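K.L.:
Below you will find the structure I want to go over with you.
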Amino acid sequence: MVFIPTFFFVSVTPGMCMTLALSLGMTVGVRRALWMMLGELAGVGLVACLAVIGVATLMLKYPLLFLLLKYGGGLYLAYLGIQLWRSKGKLALSPVDLGPRHIPASTLVSQGFVTAIANPKGWAFFIALLPPFIDSQAPLAGQLIGLVAIILTLEFICLLLYASGGRTLSRVLLQKGKVRLMNRIAGSLMLGVALWLALG
């Protein structure tokens, strides 16, 4: 009764992963953005499990690897954002070819995965909110599987909502011939995610 609305509210709130879904919905379309969602869901599931079993404590003691991942992912997303702003790169739309960008699925999966696991707020959220829903007297594995399955379902629904919203926005802009503006909006969103990673 409490778990589902709590985690849905947190998932649907705008954040790094939802902003990335919105941006990719605009530039590559919802179907291609599903690859990013696959990576993001894998990352969220991993973070949730590690937070519950206590690995997060080790990461706080040895943060160098986490920082490298965080800043490396941020720099890559910033690069993509700048390319979009300049209407260049694989994600950008051109007035000549307005079809969805066909970037490799592996690139989209890695974008989603890195964004999910390099998000400090995601770690803090799971460390703070997930353990209270765990019954210490019952077997951990079954509880964790059930809770993570619910979290991933809610997260996937929210990612789809954001990606669909981005796709709708792109159609409106493209009908008005605002291709450059759409690239800049998507680029700004991508840069926002990169800054979130770097400063979060």
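Lettering and numbering for the structure tokens are positional, with chains as A, B, ... in the shown order, residues counted from 1 in each chain, and ligands counted from 1 in the shown order.
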List as a PyMOL selection string the protein and nucleic acid residues near Ala198 of chain A, meaning an atom at most 6 Å away when only C-alpha atoms are counted, but skip any in the same chain fewer than 2 places from it.

P.N.:
chain A and resi 71+74+195-196+200

K.L.:
Include N, CA, C and O atoms and write out the residues we just selected as a PDB file, in the first residue's frame.

P.N.:
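Contents of out_20.pdb, as written:
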ATOM      1  N   TYR A  71      32.121  10.910 -13.810  1.00  0.00           N
ATOM      2  CA  TYR A  71      32.615  11.995 -14.660  1.00  0.00           C
ATOM      3  C   TYR A  71      32.795  11.563 -16.111  1.00  0.00           C
ATOM      4  O   TYR A  71      32.569  12.339 -17.032  1.00  0.00           O
ATOM      5  N   GLY A  74      29.383  11.621 -17.551  1.00  0.00           N
ATOM      6  CA  GLY A  74      28.973  13.016 -17.716  1.00  0.00           C
ATOM      7  C   GLY A  74      29.619  13.671 -18.916  1.00  0.00           C
ATOM      8  O   GLY A  74      28.961  14.389 -19.680  1.00  0.00           O
ATOM      9  N   LEU A 195      25.496  17.688 -16.543  1.00  0.00           N
ATOM     10  CA  LEU A 195      25.781  18.551 -15.385  1.00  0.00           C
ATOM     11  C   LEU A 195      25.284  17.909 -14.093  1.00  0.00           C
ATOM     12  O   LEU A 195      25.930  17.982 -13.044  1.00  0.00           O
ATOM     13  N   TRP A 196      24.132  17.267 -14.192  1.00  0.00           N
ATOM     14  CA  TRP A 196      23.565  16.560 -13.040  1.00  0.00           C
ATOM     15  C   TRP A 196      24.540  15.497 -12.539  1.00  0.00           C
ATOM     16  O   TRP A 196      24.778  15.348 -11.346  1.00  0.00           O
ATOM     17  N   GLY A 200      26.131  16.375  -9.118  1.00  0.00           N
ATOM     18  CA  GLY A 200      25.254  15.724  -8.160  1.00  0.00           C
ATOM     19  C   GLY A 200      25.998  15.054  -7.021  1.00  0.00           C
ATOM     20  O   GLY A 200      27.156  14.708  -7.138  1.00  0.00           O
TER      21      GLY A 200
END

K.L.:
I'd like the interatomic distance between atom CA of Val28 of chain A and atom CA of Leu199 of chain A, to a tenth of an Å.

P.N.:
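Taking atom CA of Val28 of chain A as the start and atom CA of Leu199 of chain A as the end point, the length is 26.8 Å.
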
K.L.:
Could you list, as a list of chain:residue names, every residue within 7 Å of Trp123 of chain A, counting only C-alpha atoms and ignoring same-chain residues fewer than 3 positions away?

P.N.:
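Near Trp123 of chain A, the qualifying residues are A:Val47, A:Ala51, A:Asn119, A:Pro120, A:Phe126, A:Ile127.
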
K.L.:
Pick from A:Ile145, A:Leu159, A:Leu154, A:Val30: nearest to Cys49 of chain A, with only C-alpha atoms counted?

P.N.:
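The shortest atom-to-atom distance to Cys49 of chain A comes from A:Ile145.
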
K.L.:
Report, in Å with one decimal, the straight-line distance from atom CA of Ile117 of chain A to atom CA of Leu46 of chain A.

P.N.:
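Result for atom CA of Ile117 of chain A versus atom CA of Leu46 of chain A: 7.8 Å, one decimal.
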
K.L.:
Using only C-alpha atoms, can you tell me which of A:Asn183, A:Thr6, A:Gln111, A:Ser23 comes closest to Met37 of chain A?

P.N.:
A:Gln111

K.L.:
Which residues come within 10 Å of segment 168-172 of chain A, counting only C-alpha atoms, excluding same-chain residues fewer than 3 positions away, as a PyMOL selection string?

P.N.:
chain A and resi 22-23+25-27+29-30+162-165+175-179+181-183+185-186

K.L.:
Save the residues we just selected, C-alpha atoms, as a CSV table (one decimal), in the first residue's frame?

P.N.:
chain,number,residue,atom,x,y,z
A,22,LEU,CA,12.7,12.7,-23.0
A,23,SER,CA,15.7,13.7,-25.0
A,25,GLY,CA,12.3,10.2,-27.4
A,26,MET,CA,12.8,13.5,-29.3
A,27,THR,CA,15.8,12.4,-31.3
A,29,GLY,CA,12.1,7.9,-31.2
A,30,VAL,CA,10.4,5.7,-28.5
A,162,TYR,CA,8.8,10.7,-20.8
A,163,ALA,CA,10.0,9.2,-24.1
A,164,SER,CA,6.5,9.4,-25.6
A,165,GLY,CA,6.3,13.1,-24.5
A,175,GLN,CA,5.7,20.2,-38.4
A,176,LYS,CA,6.6,23.8,-37.9
A,177,GLY,CA,10.0,23.3,-39.5
A,178,LYS,CA,11.8,23.9,-36.2
A,179,VAL,CA,14.5,21.2,-36.7
A,181,LEU,CA,15.3,24.3,-32.3
A,182,MET,CA,14.4,20.7,-31.6
A,183,ASN,CA,18.1,19.7,-31.8
A,185,ILE,CA,16.2,21.5,-26.9
A,186,ALA,CA,17.4,17.9,-26.9

K.L.:
Record the distance separating atom CA of Leu144 of chain A and atom CA of Leu161 of chain A, expressed in Å with one decimal.

P.N.:
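About the pair atom CA of Leu144 of chain A and atom CA of Leu161 of chain A: they are 25.7 Å apart.
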